[in-house]
$ cat data.txt   # compact mmCIF, C-alpha atoms and all ligand atoms
# COMPACT_ATOMS: atom_id res chain seq x y z
CA MET J 102 -54.26 44.12 -62.24
CA VAL J 103 -50.59 43.63 -63.34
CA GLY J 104 -47.92 42.57 -60.80
CA ASP J 105 -44.17 43.39 -60.72
CA THR J 106 -43.40 40.55 -63.09
CA GLY J 107 -45.92 41.75 -65.64
CA ALA J 108 -48.27 38.83 -64.86
CA VAL J 109 -51.94 39.56 -64.25
CA ARG J 110 -52.70 39.05 -60.57
CA SER J 111 -56.00 37.46 -59.64
CA LEU J 112 -58.46 39.06 -57.24
CA GLU J 113 -57.68 36.28 -54.75
CA ASP J 114 -53.94 37.04 -54.89
CA ARG J 115 -54.57 40.74 -54.41
CA LEU J 116 -56.93 40.01 -51.53
CA LYS J 117 -54.30 37.88 -49.81
CA ALA J 118 -51.59 40.49 -50.39
CA GLN J 119 -53.89 43.08 -48.84
CA ALA J 120 -54.59 40.85 -45.81
CA TYR J 121 -50.91 40.10 -45.24
CA GLY J 122 -50.22 43.82 -45.55
CA MET J 123 -52.79 44.43 -42.81
CA GLY J 124 -50.83 42.16 -40.48
CA TYR J 125 -52.62 38.83 -40.81
CA ASP J 126 -50.26 35.84 -40.69
CA LEU J 127 -52.48 33.36 -42.52
CA VAL J 128 -55.05 33.86 -45.28
CA GLY J 129 -57.04 31.31 -47.24
CA ILE J 130 -60.40 31.00 -48.96
CA ALA J 131 -62.92 28.24 -48.30
CA PRO J 132 -66.29 27.46 -49.86
CA LEU J 133 -69.12 27.21 -47.32
CA GLY J 134 -70.97 23.98 -46.64
CA GLU J 135 -71.07 21.04 -44.27
CA PRO J 136 -67.92 20.79 -42.12
CA ALA J 137 -65.77 17.70 -42.65
CA THR J 138 -65.58 17.35 -38.85
CA ARG J 139 -69.35 17.46 -38.35
CA SER J 140 -69.63 13.87 -37.10
CA HIS J 141 -66.68 14.45 -34.79
CA PHE J 142 -68.44 17.54 -33.40
CA ASP J 143 -71.68 15.62 -32.92
CA ALA J 144 -69.94 12.77 -31.10
CA TRP J 145 -68.17 15.31 -28.85
CA LEU J 146 -71.48 16.95 -27.95
CA GLU J 147 -73.12 13.59 -27.44
CA ALA J 148 -70.41 12.66 -24.93
CA GLY J 149 -71.17 15.85 -22.98
CA TYR J 150 -67.59 17.08 -23.29
CA HIS J 151 -68.83 20.65 -23.81
CA GLY J 152 -69.87 20.80 -20.14
CA THR J 153 -71.93 23.88 -19.29
CA MET J 154 -71.25 25.62 -22.62
CA GLY J 155 -74.91 25.35 -23.60
CA TYR J 156 -74.49 27.78 -26.51
CA LEU J 157 -72.70 24.96 -28.38
CA ASP J 158 -75.74 22.72 -28.15
CA GLY J 159 -79.27 22.92 -29.60
CA GLU J 160 -79.71 25.84 -32.01
CA GLY J 161 -75.98 26.65 -31.72
CA ALA J 162 -75.12 23.13 -32.88
CA GLU J 163 -77.59 23.29 -35.79
CA LEU J 164 -75.92 26.44 -37.09
CA ARG J 165 -72.47 24.92 -36.69
CA ARG J 166 -73.43 21.85 -38.72
CA ASP J 167 -73.37 23.85 -41.95
CA THR J 168 -71.42 27.06 -42.51
CA ARG J 169 -74.10 28.27 -44.96
CA ARG J 170 -76.51 28.69 -42.05
CA PRO J 171 -75.09 31.49 -39.85
CA HIS J 172 -75.16 34.07 -42.65
CA PRO J 173 -77.68 32.99 -45.33
CA GLY J 174 -76.58 33.93 -48.83
CA ALA J 175 -72.86 33.90 -48.06
CA THR J 176 -70.86 31.69 -50.41
CA HIS J 177 -67.27 31.83 -49.18
CA ALA J 178 -65.21 32.47 -46.07
CA ILE J 179 -61.95 34.32 -46.16
CA VAL J 180 -60.22 32.60 -43.26
CA LEU J 181 -57.60 34.59 -41.39
CA GLY J 182 -55.00 33.70 -38.80
CA THR J 183 -53.32 36.22 -36.50
CA SER J 184 -50.39 35.24 -34.28
CA TYR J 185 -50.70 36.29 -30.66
CA GLY J 186 -47.29 35.77 -29.20
CA GLY J 187 -46.14 32.15 -29.10
CA ARG J 188 -42.63 33.37 -28.23
CA GLU J 189 -43.78 35.19 -25.09
CA PRO J 190 -42.98 33.64 -21.69
CA SER J 191 -45.31 31.01 -20.25
CA GLY J 192 -48.21 31.78 -17.77
CA PRO J 193 -49.81 32.66 -15.46
CA VAL J 194 -52.29 34.06 -18.01
CA ALA J 195 -52.73 32.31 -21.37
CA ARG J 196 -50.95 34.33 -24.05
CA TYR J 197 -54.08 35.07 -26.07
CA ALA J 198 -55.68 36.97 -23.18
CA ARG J 199 -52.84 39.27 -22.09
CA GLY J 200 -53.55 42.15 -24.46
CA GLU J 201 -56.62 43.78 -25.95
CA ASP J 202 -59.78 41.77 -26.51
CA TYR J 203 -59.19 40.01 -29.83
CA HIS J 204 -62.91 39.96 -30.65
CA GLU J 205 -63.05 43.73 -31.05
CA VAL J 206 -59.67 44.13 -32.70
CA LEU J 207 -60.23 41.41 -35.29
CA ARG J 208 -63.85 42.29 -36.05
CA ALA J 209 -62.77 45.83 -36.90
CA LYS J 210 -59.98 44.45 -39.08
CA GLY J 211 -62.41 42.09 -40.83
CA ARG J 212 -64.68 45.04 -41.66
CA GLU J 213 -61.66 46.89 -43.03
CA LEU J 214 -60.85 43.96 -45.30
CA LEU J 215 -64.46 43.82 -46.48
CA ALA J 216 -64.33 47.54 -47.36
CA TRP J 217 -61.13 46.93 -49.33
CA LEU J 218 -62.79 44.08 -51.24
CA GLU J 219 -65.79 46.24 -52.11
CA ALA J 220 -63.55 49.03 -53.36
CA GLU J 221 -61.53 46.54 -55.38
CA VAL J 222 -64.48 44.87 -57.13
CA GLY J 223 -66.49 48.08 -57.38
CA VAL J 224 -69.78 46.71 -56.01
CA LEU J 225 -71.31 46.32 -52.57
CA VAL J 226 -70.36 42.91 -51.15
CA GLU J 227 -72.62 41.43 -48.55
CA GLY J 228 -70.38 40.14 -45.79
CA ARG J 229 -69.81 39.65 -42.08
CA PRO J 230 -66.73 39.04 -39.94
CA TYR J 231 -66.83 36.22 -37.38
CA VAL J 232 -64.35 36.18 -34.54
CA ASP J 233 -64.78 33.17 -32.30
CA SER J 234 -68.16 34.33 -30.99
CA GLY J 235 -70.28 33.20 -33.98
CA PRO J 236 -71.74 29.72 -34.49
CA VAL J 237 -68.93 28.59 -36.78
CA LEU J 238 -66.41 25.73 -36.53
CA GLU J 239 -63.44 27.93 -37.44
CA ARG J 240 -60.81 25.20 -37.33
CA ASP J 241 -62.73 23.19 -39.88
CA LEU J 242 -62.99 26.21 -42.16
CA ALA J 243 -59.29 26.94 -41.74
CA GLN J 244 -58.37 23.40 -42.77
CA ARG J 245 -60.69 23.69 -45.74
CA ALA J 246 -59.00 27.00 -46.66
CA GLY J 247 -55.62 25.24 -46.72
CA LEU J 248 -54.20 26.89 -43.59
CA GLY J 249 -53.24 23.78 -41.63
CA TRP J 250 -54.45 20.59 -40.00
CA PHE J 251 -56.56 19.68 -37.00
CA GLY J 252 -53.85 18.76 -34.45
CA LYS J 253 -54.17 16.10 -31.80
CA ASN J 254 -54.49 18.97 -29.29
CA THR J 255 -57.69 19.91 -31.22
CA LEU J 256 -56.18 23.18 -32.46
CA LEU J 257 -55.47 24.24 -36.01
CA ILE J 258 -51.74 23.82 -36.60
CA SER J 259 -50.21 25.82 -39.38
CA PRO J 260 -46.94 24.46 -40.80
CA ARG J 261 -45.79 28.08 -41.13
CA VAL J 262 -46.73 29.66 -37.77
CA GLY J 263 -47.91 26.86 -35.46
CA SER J 264 -51.08 27.24 -33.39
CA PHE J 265 -50.67 30.38 -31.27
CA THR J 266 -53.03 32.15 -33.67
CA PHE J 267 -56.48 33.68 -33.51
CA LEU J 268 -58.70 32.31 -36.25
CA SER J 269 -61.31 34.62 -37.71
CA ALA J 270 -63.39 34.49 -40.87
CA LEU J 271 -64.93 37.03 -43.17
CA PHE J 272 -68.06 35.51 -44.71
CA VAL J 273 -68.89 37.02 -48.10
CA ARG J 274 -71.40 36.59 -50.86
CA TYR J 275 -68.98 36.74 -53.76
CA PRO J 276 -67.70 34.14 -56.25
CA LEU J 277 -64.10 33.76 -55.08
CA VAL J 278 -61.80 30.91 -56.12
CA ALA J 279 -61.27 28.69 -53.07
CA ASP J 280 -57.94 27.26 -51.95
CA THR J 281 -57.10 23.57 -51.79
CA PRO J 282 -57.87 22.05 -48.37
CA PHE J 283 -54.91 20.99 -46.20
CA GLU J 284 -55.17 17.22 -46.28
CA ALA J 285 -52.00 16.06 -44.51
CA ASP J 286 -51.87 15.15 -40.82
CA ARG J 287 -48.43 16.26 -39.69
CA CYS J 288 -48.78 15.19 -36.06
CA GLY J 289 -47.48 11.77 -37.10
CA SER J 290 -46.73 9.56 -34.08
CA CYS J 291 -46.22 12.53 -31.73
CA THR J 292 -48.38 12.57 -28.57
CA ARG J 293 -46.63 15.33 -26.61
CA CYS J 294 -49.74 17.45 -26.10
CA LEU J 295 -51.82 14.49 -24.94
CA ASP J 296 -49.12 13.43 -22.48
CA ALA J 297 -48.40 16.91 -21.11
CA CYS J 298 -51.95 18.04 -20.33
CA PRO J 299 -51.96 18.83 -16.58
CA THR J 300 -55.46 17.39 -16.07
CA GLN J 301 -55.39 14.59 -18.70
CA ALA J 302 -58.26 16.31 -20.45
CA PHE J 303 -57.71 14.51 -23.77
CA THR J 304 -59.63 11.26 -23.94
CA GLY J 305 -57.79 10.50 -27.19
CA PRO J 306 -56.21 12.30 -30.15
CA ARG J 307 -58.42 15.26 -31.16
CA VAL J 308 -60.93 14.61 -28.39
CA LEU J 309 -60.91 17.11 -25.54
CA ASP J 310 -63.12 16.64 -22.51
CA ALA J 311 -63.58 20.36 -21.85
CA THR J 312 -64.92 19.67 -18.37
CA ARG J 313 -61.36 18.76 -17.35
CA CYS J 314 -59.58 21.41 -19.42
CA LEU J 315 -58.06 24.31 -17.44
CA SER J 316 -59.11 26.79 -20.12
CA TYR J 317 -62.73 25.79 -19.57
CA LEU J 318 -62.50 25.55 -15.79
CA THR J 319 -60.77 28.91 -15.30
CA ILE J 320 -62.76 30.87 -17.90
CA GLU J 321 -66.09 29.37 -18.91
CA TYR J 322 -67.04 27.49 -15.77
CA ARG J 323 -69.00 29.52 -13.22
CA GLU J 324 -68.99 27.11 -10.29
CA ALA J 325 -66.45 25.71 -7.85
CA ILE J 326 -63.42 24.14 -9.54
CA PRO J 327 -63.50 20.40 -8.75
CA GLU J 328 -61.14 19.81 -5.84
CA GLY J 329 -59.41 16.95 -7.58
CA LEU J 330 -58.26 19.30 -10.37
CA ARG J 331 -57.17 22.31 -8.31
CA SER J 332 -53.59 21.22 -7.68
CA ALA J 333 -53.18 20.49 -11.39
CA MET J 334 -53.88 24.17 -12.10
CA GLY J 335 -50.44 24.98 -10.73
CA SER J 336 -49.89 28.67 -11.45
CA TRP J 337 -52.39 28.98 -14.36
CA LEU J 338 -54.65 31.83 -13.33
CA TYR J 339 -56.55 32.25 -16.59
CA GLY J 340 -56.50 29.66 -19.35
CA CYS J 341 -53.63 27.28 -20.07
CA ASP J 342 -51.12 27.00 -22.93
CA VAL J 343 -49.47 23.68 -22.07
CA CYS J 344 -50.76 21.64 -25.05
CA GLN J 345 -49.46 24.38 -27.35
CA GLU J 346 -46.14 24.98 -25.60
CA VAL J 347 -45.03 21.36 -25.96
CA CYS J 348 -45.96 21.14 -29.64
CA PRO J 349 -42.85 20.91 -31.81
CA TRP J 350 -44.53 22.97 -34.52
CA ASN J 351 -44.89 25.85 -32.07
CA GLN J 352 -41.42 25.43 -30.67
CA LYS J 353 -40.07 25.80 -34.18
CA PHE J 354 -42.45 28.11 -36.01
CA SER J 355 -44.45 30.26 -33.60
CA GLN J 356 -44.01 33.96 -34.27
CA ALA J 357 -42.76 36.83 -32.16
CA LEU J 358 -45.31 39.57 -31.53
CA ALA J 359 -45.08 42.42 -33.99
CA ASP J 360 -44.02 45.81 -32.56
CA GLY J 361 -47.06 47.68 -31.30
CA SER J 362 -49.29 44.59 -31.48
CA PRO J 363 -52.55 45.08 -29.55
CA PHE J 364 -52.02 41.56 -28.21
CA GLY J 365 -48.87 42.43 -26.25
CA ALA J 366 -49.20 41.98 -22.48
CA ARG J 367 -50.81 44.79 -20.48
CA GLU J 368 -48.70 46.45 -17.81
CA LEU J 369 -50.43 44.33 -15.16
CA PHE J 370 -49.11 41.07 -16.64
CA ARG J 371 -45.72 42.21 -17.79
CA GLU J 372 -43.76 42.07 -14.55
CA ALA J 373 -46.01 40.24 -12.13
CA ASP J 374 -45.24 36.63 -11.26
CA ALA J 375 -48.10 34.25 -10.52
CA GLU J 376 -48.20 34.94 -6.78
CA ALA J 377 -48.06 38.73 -7.17
CA LEU J 378 -50.78 38.72 -9.82
CA ALA J 379 -53.03 36.34 -7.89
CA THR J 380 -52.61 38.43 -4.73
CA HIS J 381 -53.48 41.58 -6.65
CA ILE J 382 -56.59 40.06 -8.20
CA LEU J 383 -57.80 38.49 -4.98
CA GLN J 384 -57.89 41.95 -3.40
CA LEU J 385 -59.47 43.85 -6.31
CA ALA J 386 -62.58 45.92 -5.61
CA PRO J 387 -65.23 45.90 -8.37
CA GLU J 388 -64.44 49.46 -9.55
CA ALA J 389 -60.71 48.79 -9.72
CA TYR J 390 -61.42 45.54 -11.60
CA SER J 391 -63.55 47.37 -14.17
CA ARG J 392 -60.80 49.92 -14.73
CA ALA J 393 -57.95 47.38 -14.91
CA PHE J 394 -59.72 44.97 -17.26
CA ARG J 395 -61.55 47.38 -19.57
CA GLY J 396 -61.18 46.07 -23.12
CA SER J 397 -59.69 42.76 -21.94
CA ALA J 398 -60.90 39.29 -22.97
CA MET J 399 -60.31 38.26 -19.34
CA LYS J 400 -63.58 39.88 -18.30
CA ARG J 401 -65.24 36.74 -19.56
CA ALA J 402 -64.41 34.98 -16.29
CA LYS J 403 -65.90 37.88 -14.27
CA LEU J 404 -64.32 39.14 -11.05
CA ARG J 405 -65.64 36.29 -8.89
CA GLY J 406 -64.19 33.73 -11.33
CA LEU J 407 -60.82 35.48 -11.37
CA LYS J 408 -60.77 35.61 -7.55
CA ARG J 409 -61.67 31.92 -7.39
CA ASN J 410 -58.75 31.15 -9.74
CA ALA J 411 -56.40 33.46 -7.84
CA ALA J 412 -57.13 31.65 -4.58
CA VAL J 413 -56.32 28.28 -6.17
CA VAL J 414 -53.06 29.64 -7.62
CA LEU J 415 -52.04 30.95 -4.18
CA GLY J 416 -52.87 27.57 -2.67
CA ASN J 417 -50.59 25.93 -5.23
CA VAL J 418 -47.63 28.30 -5.47
CA GLY J 419 -48.11 30.87 -2.69
CA THR J 420 -45.51 31.66 -0.02
CA ARG J 421 -46.18 32.74 3.57
CA ALA J 422 -47.05 36.17 2.21
CA ALA J 423 -50.18 34.64 0.65
CA VAL J 424 -51.69 33.79 4.03
CA GLU J 425 -52.83 37.35 4.74
CA PRO J 426 -54.71 38.02 1.45
CA LEU J 427 -56.25 34.56 1.60
CA THR J 428 -57.38 35.13 5.19
CA ARG J 429 -58.97 38.41 4.10
CA ALA J 430 -60.65 36.61 1.18
CA MET J 431 -62.37 34.43 3.79
CA GLN J 432 -64.57 37.51 4.38
CA ASP J 433 -65.46 37.94 0.68
CA ASP J 434 -69.16 38.45 -0.08
CA ASP J 435 -69.09 35.50 -2.47
CA GLY J 436 -69.31 32.03 -0.97
CA MET J 437 -67.42 30.46 -3.85
CA VAL J 438 -64.45 32.79 -3.30
CA ARG J 439 -64.51 32.08 0.43
CA GLU J 440 -64.53 28.33 -0.13
CA HIS J 441 -61.56 28.46 -2.53
CA ALA J 442 -59.65 30.72 -0.12
CA ALA J 443 -60.25 28.19 2.67
CA TRP J 444 -59.01 25.38 0.44
CA ALA J 445 -55.91 27.39 -0.47
CA LEU J 446 -55.10 28.15 3.18
CA GLY J 447 -55.40 24.44 3.91
CA GLN J 448 -52.91 23.71 1.12
CA LEU J 449 -50.46 26.30 2.40
CA VAL J 450 -50.63 25.02 5.96
CA ARG J 451 -49.75 21.53 4.68
CA THR J 452 -46.84 22.96 2.68
CA PHE J 453 -45.39 24.91 5.62
CA ARG J 454 -45.60 22.06 8.10
FE1 LIG J 501 -49.69 17.15 -32.97
FE2 LIG J 501 -47.57 16.65 -31.34
FE3 LIG J 501 -48.41 19.17 -31.76
FE4 LIG J 501 -49.92 17.48 -30.33
S1 LIG J 501 -47.86 18.22 -29.77
S2 LIG J 501 -50.64 18.88 -31.89
S3 LIG J 501 -49.54 15.55 -31.40
S4 LIG J 501 -47.55 17.76 -33.31
$ encode --input "data.txt" --output "structure tokens"
Amino acid sequence: MVGDTGAVRSLEDRLKAQAYGMGYDLVGIAPLGEPATRSHFDAWLEAGYHGTMGYLDGEGAELRRDTRRPHPGATHAIVLGTSYGGREPSGPVARYARGEDYHEVLRAKGRELLAWLEAEVGVLVEGRPYVDSGPVLERDLAQRAGLGWFGKNTLLISPRVGSFTFLSALFVRYPLVADTPFEADRCGSCTRCLDACPTQAFTGPRVLDATRCLSYLTIEYREAIPEGLRSAMGSWLYGCDVCQEVCPWNQKFSQALADGSPFGARELFREADAEALATHILQLAPEAYSRAFRGSAMKRAKLRGLKRNAAVVLGNVGTRAAVEPLTRAMQDDDGMVREHAAWALGQLVRTFR
């Protein structure tokens, strides 16, 4: 294939041009094998910092200890980054979850890229897209593919677009030329993310105790939010972006959402402030919830989890208007929701005194 300058363009260059043309913000190629951060991952599991996320342990951990295991026969990963709106306003829902479910959107895009590759090389290429849900340490792969470094906030930081990016990977069985890993650590002496975390969930640089992290507590965790951490939730109803918002690399390089991006905020999140949104969610009936959140990543927390979070948010930032919906939530069928509503009413009473 000959480029504009007359030079022959490699398959890898054409592949990257195709991916950028499809709207990806980052593209790199990594060989599969044992992750460089394997011992770090093992120590994190050993410390129990994964909490109730049992899928990360046992068989899930075995698969994550070598990227050749999830899809036997695959040789390389095409690692892809997609910005999801680092320039959008903060809270009460983490930016990544405001639009369409990224799993579906990016899996479909990964399959499209695989079809392009097959057409380009003229043979069937065995491959599979992974979008966060597979047993793969994506950040490790992304570093290996030259996309950025493992920041002290435990996220992959790209020097071009920061960290407000979805990472996905297309595993293929095809002899591609891999990129050079990103070796530098550009966090330097900065500790902003560690200092700003509302629940002090970092036990040190690059070590996150997920059991204290608001993203875990408001999304993955199915039980009562520990009382000692509820006030620290502030107005975060689903997830938390604080350790990304304070990062200078994001402040400088995060990208605006492209026009028509599927990750733009749904109507529900566009205008509503934290109190209005929490009030709305606390009063949602199951059918209305299913309609409002169809195709949304936020369904992961389930309605009872969202109501639990909404009650805490109202307890933290609610006005007198929050008393009525919280009082009604005291009649909810779910004991966990009732208990959080009672806590929130107690907080409000203290505030109004
Ligand atoms: Fe690294 Fe500072 Fe960004 Fe944290 S805030 S990830 S320490 S550059």
$ axis_aligned_box --input "data.txt" --around "ligand LIG 501 (chain J)" --padding-each-side "8 Å" --output "JSON"
{"center_x": -49.1, "center_y": 17.4, "center_z": -31.5, "size_x": 19.1, "size_y": 19.6, "size_z": 19.5}
$ closest_residue --input "data.txt" --among "J:Arg196, J:Arg115, J:Arg110, J:Arg307" --to "ligand LIG 501 (chain J)" --atoms "only C-alpha atoms and all ligand atoms"
J:Arg307
$ residues_around --input "data.txt" --residues "J:Cys298" --least-positions-apart "3" --cutoff "9 Å" --atoms "all atoms listed in the file" --output "list in words"
Arg293, Cys294, Leu295, Gln301, Ala302, Phe303, Cys314, Val343 and Cys344 of chain J
$ residues_near_ligand --input "data.txt" --ligand "ligand LIG 501 (chain J)" --cutoff "10 Å" --atoms "only C-alpha atoms and all ligand atoms" --output "VMD selection string"
chain J and resid 250 to 258 263 to 264 286 to 297 306 to 307 343 to 352
$ atom_distance --input "data.txt" --atom1 "atom CA of J:Val180" --atom2 "atom CA of J:Val194"
26.5 Å
$ atom_distance --input "data.txt" --atom1 "atom CA of J:Asp143" --atom2 "atom CA of J:Val262"
29.0 Å
$ residues_around --input "data.txt" --residues "J:Gly200" --least-positions-apart "3" --cutoff "10 Å" --atoms "only C-alpha atoms" --output "PyMOL selection string"
chain J and resi 185+196-197+203+362-368+370+394+396-399
$ closest_residue --input "data.txt" --among "J:Arg261, J:His177, J:His172, J:His141" --to "J:Ser355" --atoms "only C-alpha atoms"
J:Arg261
$ residues_around --input "data.txt" --residues "J:Val414" --least-positions-apart "3" --cutoff "7 Å" --atoms "all atoms listed in the file" --output "list in words"
Gly335, Ser336, Trp337, Leu338, Ala379, Asn410, Ala411, Asn417 and Val418 of chain J
$ closest_residue --input "data.txt" --among "J:Thr281, J:Ser184, J:Thr300, J:Ser391" --to "J:Leu315" --atoms "all atoms listed in the file"
J:Thr300
$ atom_distance --input "data.txt" --atom1 "atom CA of J:Arg371" --atom2 "atom CA of J:Arg188"
14.0 Å
$ closest_residue --input "data.txt" --among "J:Leu146, J:Pro193, J:Glu213, J:Trp444" --to "J:Ile326" --atoms "only C-alpha atoms"
J:Trp444
$ closest_residue --input "data.txt" --among "J:Asp233, J:Asp280, J:Asp167, J:Asp435" --to "J:Lys117" --atoms "all atoms listed in the file"
J:Asp280
$ closest_residue --input "data.txt" --among "J:Leu385, J:Ala209, J:Val237, J:Ala377" --to "J:Lys408" --atoms "all atoms listed in the file"
J:Leu385
$ residues_near_point --input "data.txt" --point "(-73.1, 29.4, -35.5)" --cutoff "8 Å" --atoms "all atoms listed in the file" --output "ChimeraX atom specification"
/J:161-165,168,170-171,235-238
$ residues_around --input "data.txt" --residues "J:Gly406" --least-positions-apart "6" --cutoff "12 Å" --atoms "only C-alpha atoms" --output "list in words"
Tyr317, Leu318, Thr319, Ile320, Glu321, Tyr322, Arg323, Glu324, Ala325, Ile326, Leu338, Tyr339, Gly340, Ala379, Ile382, Leu383, Met399, Lys400, Ala412, Val413, Asp435, Gly436, Met437, Val438, Arg439 and His441 of chain J
$ residues_near_point --input "data.txt" --point "(-71.1, 36.9, -43.9)" --cutoff "9 Å" --atoms "all atoms listed in the file" --output "PyMOL selection string"
chain J and resi 171-178+227-231+270-274
$ residues_around --input "data.txt" --residues "J:Trp145" --least-positions-apart "2" --cutoff "12 Å" --atoms "only C-alpha atoms" --output "list in words"
Thr138, Arg139, Ser140, His141, Phe142, Asp143, Glu147, Ala148, Gly149, Tyr150, His151, Gly152, Leu157, Asp158, Ala162, Thr255, Phe303, Thr304, Gly305, Arg307, Val308, Leu309, Asp310, Ala311 and Thr312 of chain J
$ write_last_selection --input "data.txt" --atoms "C-alpha atoms" --output "compact mmCIF listing (two decimals), in the frame of the given file"
# COMPACT_ATOMS: atom_id res chain seq x y z
CA THR J 138 -65.58 17.35 -38.85
CA ARG J 139 -69.35 17.46 -38.35
CA SER J 140 -69.63 13.87 -37.10
CA HIS J 141 -66.68 14.45 -34.79
CA PHE J 142 -68.44 17.54 -33.40
CA ASP J 143 -71.68 15.62 -32.92
CA GLU J 147 -73.12 13.59 -27.44
CA ALA J 148 -70.41 12.66 -24.93
CA GLY J 149 -71.17 15.85 -22.98
CA TYR J 150 -67.59 17.08 -23.29
CA HIS J 151 -68.83 20.65 -23.81
CA GLY J 152 -69.87 20.80 -20.14
CA LEU J 157 -72.70 24.96 -28.38
CA ASP J 158 -75.74 22.72 -28.15
CA ALA J 162 -75.12 23.13 -32.88
CA THR J 255 -57.69 19.91 -31.22
CA PHE J 303 -57.71 14.51 -23.77
CA THR J 304 -59.63 11.26 -23.94
CA GLY J 305 -57.79 10.50 -27.19
CA ARG J 307 -58.42 15.26 -31.16
CA VAL J 308 -60.93 14.61 -28.39
CA LEU J 309 -60.91 17.11 -25.54
CA ASP J 310 -63.12 16.64 -22.51
CA ALA J 311 -63.58 20.36 -21.85
CA THR J 312 -64.92 19.67 -18.37
